[in-house]
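**Q** You'll find structure.cif just under this line, and it carries mmCIF, C-alpha atoms.
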```cif
data_final
#
loop_
_atom_site.label_atom_id
_atom_site.label_comp_id
_atom_site.auth_asym_id
_atom_site.auth_seq_id
_atom_site.Cartn_x
_atom_site.Cartn_y
_atom_site.Cartn_z
CA GLY A 16 -13.27 34.14 5.73
CA GLY A 17 -10.23 32.37 7.05
CA GLY A 18 -8.02 30.20 4.88
CA ALA A 19 -4.31 29.93 4.36
CA GLY A 20 -4.04 33.71 4.38
CA ARG A 21 -6.02 34.17 7.57
CA LYS A 22 -3.98 36.08 10.13
CA ALA A 23 -2.99 33.93 13.07
CA ARG A 24 -3.59 35.13 16.57
CA ARG A 25 -0.68 35.45 18.94
CA HIS A 26 -0.49 32.65 21.48
CA ARG A 27 1.77 32.23 24.44
CA GLN A 28 4.08 29.23 24.24
CA PRO A 29 2.60 26.65 26.63
CA GLN A 30 4.52 24.84 29.33
CA MET A 31 3.20 21.31 29.59
CA GLU A 32 4.32 18.97 32.31
CA GLY A 33 5.49 15.59 31.08
CA VAL A 34 5.82 16.59 27.42
CA ALA A 35 9.09 17.81 25.93
CA PRO A 36 9.19 19.62 23.63
CA PRO A 37 5.61 21.02 23.94
CA PHE A 38 3.05 20.93 21.18
CA ALA A 39 3.40 23.95 18.93
CA ALA A 40 -0.18 23.60 17.65
CA VAL A 41 -2.81 21.05 16.66
CA LEU A 42 -4.26 20.74 13.14
CA PHE A 43 -7.61 18.96 12.92
CA ASP A 44 -9.36 17.40 9.96
CA LEU A 45 -13.12 18.03 9.94
CA ASP A 46 -15.12 15.10 8.60
CA GLY A 47 -14.77 12.03 10.80
CA VAL A 48 -12.54 13.82 13.32
CA LEU A 49 -14.50 16.79 14.63
CA ARG A 50 -17.88 15.40 13.61
CA ASN A 51 -19.05 11.95 12.54
CA THR A 52 -20.24 13.06 9.12
CA GLU A 53 -19.33 10.01 7.02
CA PRO A 54 -22.76 8.29 7.18
CA TYR A 55 -24.44 11.51 6.00
CA HIS A 56 -21.96 12.04 3.16
CA ARG A 57 -22.76 8.51 2.01
CA MET A 58 -26.50 9.19 2.26
CA ALA A 59 -26.14 12.39 0.24
CA TYR A 60 -23.98 10.70 -2.39
CA ALA A 61 -26.41 7.78 -2.71
CA GLN A 62 -29.37 10.12 -3.17
CA LEU A 63 -27.70 12.27 -5.82
CA ALA A 64 -26.10 9.32 -7.60
CA ARG A 65 -29.48 7.59 -7.91
CA SER A 66 -31.02 10.76 -9.32
CA LEU A 67 -28.32 10.82 -12.02
CA SER A 68 -28.26 7.10 -12.78
CA GLY A 69 -32.03 6.62 -12.97
CA GLY A 70 -32.29 4.47 -9.87
CA ALA A 71 -29.20 2.28 -10.08
CA PRO A 72 -27.46 2.18 -6.68
CA PRO A 73 -24.01 3.82 -6.57
CA ASP A 74 -20.93 1.65 -6.36
CA ALA A 75 -19.65 2.04 -2.79
CA GLY A 76 -16.18 1.05 -3.94
CA GLU A 77 -16.04 4.19 -6.09
CA ILE A 78 -16.20 6.41 -3.00
CA ALA A 79 -13.00 5.36 -1.24
CA GLY A 80 -9.93 7.47 -1.91
CA LYS A 81 -11.64 10.14 -4.03
CA SER A 82 -12.43 13.74 -3.25
CA ASN A 83 -16.06 14.79 -3.31
CA LEU A 84 -15.57 16.70 -6.55
CA GLN A 85 -13.86 13.71 -8.18
CA LEU A 86 -16.86 11.53 -7.31
CA TYR A 87 -19.23 13.84 -9.14
CA GLU A 88 -16.86 14.30 -12.06
CA ALA A 89 -16.97 10.52 -12.48
CA LEU A 90 -20.78 10.46 -12.25
CA VAL A 91 -21.20 13.28 -14.78
CA ALA A 92 -18.78 11.56 -17.17
CA ARG A 93 -20.74 8.32 -16.83
CA PHE A 94 -24.36 9.52 -16.84
CA GLY A 95 -24.26 13.10 -18.11
CA GLY A 96 -27.00 15.51 -17.06
CA PRO A 97 -27.57 19.26 -16.97
CA ALA A 98 -25.61 19.91 -13.75
CA THR A 99 -21.83 20.24 -13.59
CA ALA A 100 -19.71 18.27 -11.16
CA GLU A 101 -19.14 21.41 -9.08
CA GLU A 102 -22.87 22.15 -8.90
CA LEU A 103 -23.55 18.58 -7.78
CA SER A 104 -20.79 18.77 -5.18
CA GLN A 105 -22.25 22.00 -3.79
CA ARG A 106 -25.69 20.37 -3.74
CA HIS A 107 -24.15 17.38 -1.93
CA PHE A 108 -22.77 19.52 0.89
CA ARG A 109 -26.04 21.43 1.27
CA LEU A 110 -27.81 18.09 1.63
CA VAL A 111 -25.22 16.96 4.20
CA CYS A 112 -25.91 20.11 6.24
CA GLN A 113 -29.63 19.32 6.18
CA LEU A 114 -28.99 15.75 7.32
CA LEU A 115 -26.66 16.86 10.11
CA GLU A 116 -29.35 19.21 11.37
CA GLU A 117 -32.11 16.63 10.97
CA TYR A 118 -30.18 13.97 12.90
CA ARG A 119 -28.77 16.50 15.40
CA VAL A 120 -25.19 15.41 14.86
CA GLY A 121 -22.93 16.95 17.49
CA PRO A 122 -19.17 16.83 18.06
CA MET A 123 -17.21 13.59 18.16
CA PRO A 124 -16.88 12.08 21.65
CA GLY A 125 -13.96 13.64 23.50
CA LEU A 126 -13.66 16.68 21.22
CA GLU A 127 -14.98 19.20 23.72
CA GLU A 128 -12.64 17.87 26.42
CA ALA A 129 -9.68 18.00 24.03
CA LEU A 130 -10.49 21.58 23.02
CA SER A 131 -10.85 22.60 26.65
CA ALA A 132 -7.43 21.11 27.39
CA LEU A 133 -5.87 23.01 24.46
CA ARG A 134 -7.47 26.28 25.53
CA ARG A 135 -6.34 25.90 29.13
CA ARG A 136 -2.77 25.39 27.94
CA GLY A 137 -2.87 28.17 25.37
CA ILE A 138 -2.16 25.77 22.50
CA PRO A 139 -3.48 27.08 19.17
CA PHE A 140 -5.34 24.88 16.72
CA GLY A 141 -6.34 24.99 13.09
CA VAL A 142 -8.51 23.00 10.71
CA VAL A 143 -7.46 21.49 7.37
CA SER A 144 -10.20 20.07 5.15
CA SER A 145 -10.74 19.28 1.47
CA SER A 146 -14.38 20.39 1.72
CA TRP A 147 -15.83 23.69 0.46
CA ARG A 148 -15.00 26.68 2.67
CA TRP A 149 -18.62 27.64 3.36
CA TYR A 150 -19.32 24.11 4.61
CA VAL A 151 -16.20 23.98 6.80
CA GLU A 152 -16.95 27.37 8.36
CA HIS A 153 -20.62 26.41 8.87
CA CYS A 154 -19.60 23.25 10.75
CA LEU A 155 -16.98 25.08 12.84
CA ARG A 156 -19.53 27.69 13.87
CA GLU A 157 -21.94 24.96 14.93
CA LEU A 158 -19.14 23.31 16.96
CA GLY A 159 -18.13 26.63 18.56
CA MET A 160 -14.63 26.44 17.02
CA TYR A 161 -14.69 29.07 14.29
CA GLU A 162 -13.63 32.08 16.34
CA ASP A 163 -10.80 30.22 18.08
CA ALA A 164 -9.29 28.58 14.98
CA ALA A 165 -5.93 30.19 14.22
CA VAL A 166 -6.05 29.02 10.60
CA ILE A 167 -8.58 27.31 8.33
CA VAL A 168 -7.43 25.72 5.07
CA THR A 169 -10.10 24.29 2.77
CA GLY A 170 -10.66 22.79 -0.64
CA SER A 171 -11.68 26.25 -1.87
CA ASP A 172 -8.19 27.68 -1.41
CA GLY A 173 -6.68 26.51 -4.71
CA LEU A 174 -4.23 24.06 -3.15
CA PRO A 175 -3.82 20.38 -4.07
CA LEU A 176 -6.33 18.39 -2.05
CA LYS A 177 -5.41 15.94 0.67
CA PRO A 178 -3.61 13.56 0.90
CA ALA A 179 -1.18 15.99 -0.76
CA PRO A 180 0.88 17.71 1.96
CA ALA A 181 0.32 21.26 0.64
CA PRO A 182 -2.78 22.07 2.77
CA TYR A 183 -1.02 20.96 5.96
CA GLN A 184 2.14 22.85 5.02
CA ALA A 185 0.10 26.02 4.42
CA ALA A 186 -1.55 25.69 7.82
CA ALA A 187 1.71 24.85 9.61
CA ARG A 188 3.39 27.97 8.23
CA VAL A 189 0.97 30.05 10.28
CA PHE A 190 2.56 28.70 13.44
CA ARG A 191 6.19 28.38 12.35
CA PRO A 192 7.99 27.41 9.11
CA ALA A 193 9.23 24.01 10.27
CA PRO A 194 7.62 23.15 13.61
CA PRO A 195 10.11 21.05 15.61
CA GLY A 196 7.58 20.87 18.44
CA ALA A 197 4.81 19.44 16.28
CA VAL A 198 3.31 15.97 16.41
CA LEU A 199 2.73 14.88 12.81
CA ALA A 200 -0.04 12.27 12.55
CA VAL A 201 -0.92 10.48 9.30
CA GLY A 202 -3.91 8.14 9.22
CA ASN A 203 -4.98 7.99 5.59
CA ALA A 204 -2.16 8.90 3.20
CA PRO A 205 0.90 6.69 2.62
CA THR A 206 2.25 9.31 0.20
CA ALA A 207 2.34 11.81 3.07
CA LEU A 208 4.65 9.46 4.97
CA LEU A 209 6.99 9.24 2.00
CA ARG A 210 7.07 13.05 1.77
CA LEU A 211 7.69 13.24 5.51
CA GLU A 212 10.57 10.81 5.12
CA ALA A 213 12.17 13.24 2.64
CA LEU A 214 11.58 16.22 4.95
CA ILE A 215 13.25 14.41 7.85
CA ALA A 216 16.19 13.63 5.59
CA ASP A 217 16.36 17.39 4.88
CA GLY A 218 16.50 18.21 8.59
CA LEU A 219 12.91 18.44 9.85
CA ARG A 220 12.74 17.20 13.46
CA PRO A 221 9.15 16.88 14.71
CA ALA A 222 8.50 15.95 18.32
CA LEU A 223 6.71 12.77 17.25
CA VAL A 224 5.51 11.01 14.10
CA VAL A 225 2.31 8.95 14.23
CA ALA A 226 2.27 6.71 11.15
CA VAL A 227 -0.95 4.68 10.94
CA PRO A 228 -2.40 4.89 7.39
CA VAL A 229 -4.71 2.12 6.24
CA GLY A 230 -4.97 0.53 2.79
CA PHE A 231 -3.01 -1.47 0.26
CA VAL A 232 -0.92 0.67 -2.13
CA ASN A 233 2.44 1.58 -0.54
CA VAL A 234 1.00 1.32 2.98
CA VAL A 235 3.35 -1.33 4.37
CA GLU A 236 6.42 0.11 2.62
CA SER A 237 5.67 3.70 3.70
CA LYS A 238 5.36 2.70 7.36
CA GLU A 239 8.60 0.74 7.28
CA ARG A 240 10.44 3.59 5.55
CA ILE A 241 9.21 6.35 7.87
CA PHE A 242 9.92 4.25 10.95
CA ALA A 243 13.48 3.60 9.74
CA ALA A 244 13.93 7.30 8.91
CA CYS A 245 12.71 8.34 12.35
CA ARG A 246 14.98 5.85 14.06
CA ALA A 247 17.99 7.06 12.08
CA ALA A 248 17.21 10.71 12.90
CA ASP A 249 16.34 10.02 16.56
CA VAL A 250 12.74 11.18 16.03
CA PRO A 251 10.14 9.41 18.23
CA ALA A 252 7.57 7.50 16.21
CA ILE A 253 4.44 5.41 16.66
CA ALA A 254 3.53 3.15 13.74
CA SER A 255 1.00 0.39 13.10
CA MET A 256 3.03 -1.99 10.96
CA GLY A 257 1.13 -3.84 8.27
CA ARG A 258 -1.98 -2.69 6.44
CA LYS A 259 -4.20 -1.77 9.39
CA GLY A 260 -4.72 1.74 10.75
CA GLY A 261 -6.83 4.73 9.76
CA SER A 262 -7.68 8.31 10.63
CA ASN A 263 -9.70 7.14 13.64
CA VAL A 264 -6.60 5.35 14.97
CA ALA A 265 -4.48 8.48 14.43
CA ALA A 266 -7.10 10.58 16.22
CA ALA A 267 -7.26 8.13 19.14
CA ILE A 268 -3.48 8.23 19.55
CA CYS A 269 -3.45 12.05 19.46
CA ASN A 270 -6.30 12.22 21.96
CA ALA A 271 -4.41 9.91 24.31
CA LEU A 272 -1.30 12.10 24.01
CA LEU A 273 -3.31 15.24 24.76
CA TYR A 274 -4.99 13.64 27.76
CA THR A 275 -1.62 12.44 29.04
CA ALA A 276 -0.15 15.91 28.63
CA VAL A 277 -2.80 17.47 30.85
CA ASP A 278 -3.02 14.54 33.30
CA ALA A 279 -6.54 13.66 32.17
CA LEU A 280 -6.31 10.00 31.19
CA ASP A 281 -8.78 9.22 33.97
CA PRO A 282 -12.23 10.07 32.51
CA ALA A 283 -13.18 11.53 35.89
CA ARG A 284 -10.49 14.19 35.42
CA ARG A 285 -12.28 15.24 32.24
CA GLY A 286 -15.63 15.68 33.97
CA TRP A 287 -17.09 12.28 33.08
CA GLN A 288 -19.47 10.82 35.63
CA GLY A 289 -20.51 7.23 35.80
#
```
Could you render the structure as structure tokens?
**A**
Amino acid sequence: GGGAGRKARRHRQPQMEGVAPPFAAVLFDLDGVLRNTEPYHRMAYAQLARSLSGGAPPDAGEIAGKSNLQLYEALVARFGGPATAEELSQRHFRLVCQLLEEYRVGPMPGLEEALSALRRRGIPFGVVSSSWRWYVEHCLRELGMYEDAAVIVTGSDGLPLKPAPAPYQAAARVFRPAPPGAVLAVGNAPTALLRLEALIADGLRPALVVAVPVGFVNVVESKERIFAACRAADVPAIASMGRKGGSNVAAAICNALLYTAVDALDPARRGWQG
């Protein structure tokens, strides 16, 4: 398969009107960005959790902020059972695949247009996900993205899981060691902003920082610190001050930037009819 060691294809450096410096590459998350999978992950978790707990409904508050494997480690520790956490996690993703097929879940709105714009401009893309590799590759094949992905980093690759920066750093190294032309968007990890603050202090100069994580712990402070760091280093930044934000907000901002770069803000320019 792919992964952090997957050989990157050679891409020409794009020339994009109205954007300087150009994007070096785009790294996508999978769940909730390429495909609206969250409802089906919750359905799968609820079904498996009830089977373990004897019918008691799962605590929805336990889901937020945990990896899939951590969820099942917590369930096994609480209720026991013959299956290991890893076996339950694998079963979870198989069930999600069945649900996605049953409900005919396609790509997120705007994804196909964004991919077409990237391909026209020769801009490479990769995918970074904490999910199992077989699941990520299965989804990418269904979306028609597997063959074109320059790098795929997954939760099977032995790296710390997101929101740790290691998976993104592994993917970014495929394109260049420290991409000054990259747009770095954070929608769900205040700790990633604090790490990015340190990298900027060490000399990293991205083209743009999008800082819009949501939550409570360190969210407000991390946004204020990264915005101040960007201002001091003359790095452009977009931030949603306060506690509001999220991965969907980060994705919307990135989509708007991509559409602006290819003069496609008007839906009609993207083939929409109405």
**Q** Work out how far atom CA of A:Thr206 is from atom CA of A:Ser262, in Å to one decimal.
**A**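 For atom CA of A:Ser262 relative to atom CA of A:Thr206, the distance reads 14.4 Å.
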**Q** Please, what distance in Å, to one decimal, runs between atom CA of A:Gly202 and atom CA of A:Val227?
**A** 4.9 Å
**Q** My list of candidates is A:Val264, A:Leu272, A:Leu223, A:Met160. Which is closest to A:Ser131 when distances are computed with all atoms listed in the file?
**A** A:Met160
**Q** Expanded to explicit residues, what is the PyMOL selection byres ((chain A and resi 114-122) around 8) for this file, as a PyMOL selection string?
**A** chain A and resi 49-52+55+110-113+123-124+126-127+158
**Q** Write out as a ChimeraX atom specification each polymer residue whose atoms come within 8 Å of A:Leu42, counting all atoms listed in the file; drop sequence neighbours fewer than 4 positions from it.
**A** /A:140-143,183,186
**Q** Which residue, A:Tyr161, A:Arg246, A:Leu63, A:Ser82, has the smallest gap to A:Arg109 when you use all atoms listed in the file?
**A**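 Closest to A:Arg109, using all atoms listed in the file: A:Leu63.
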**Q** What is the atom CA of A:Asp281-atom CA of A:Ile138 distance in Å, reported with one decimal?
**A** 21.2 Å
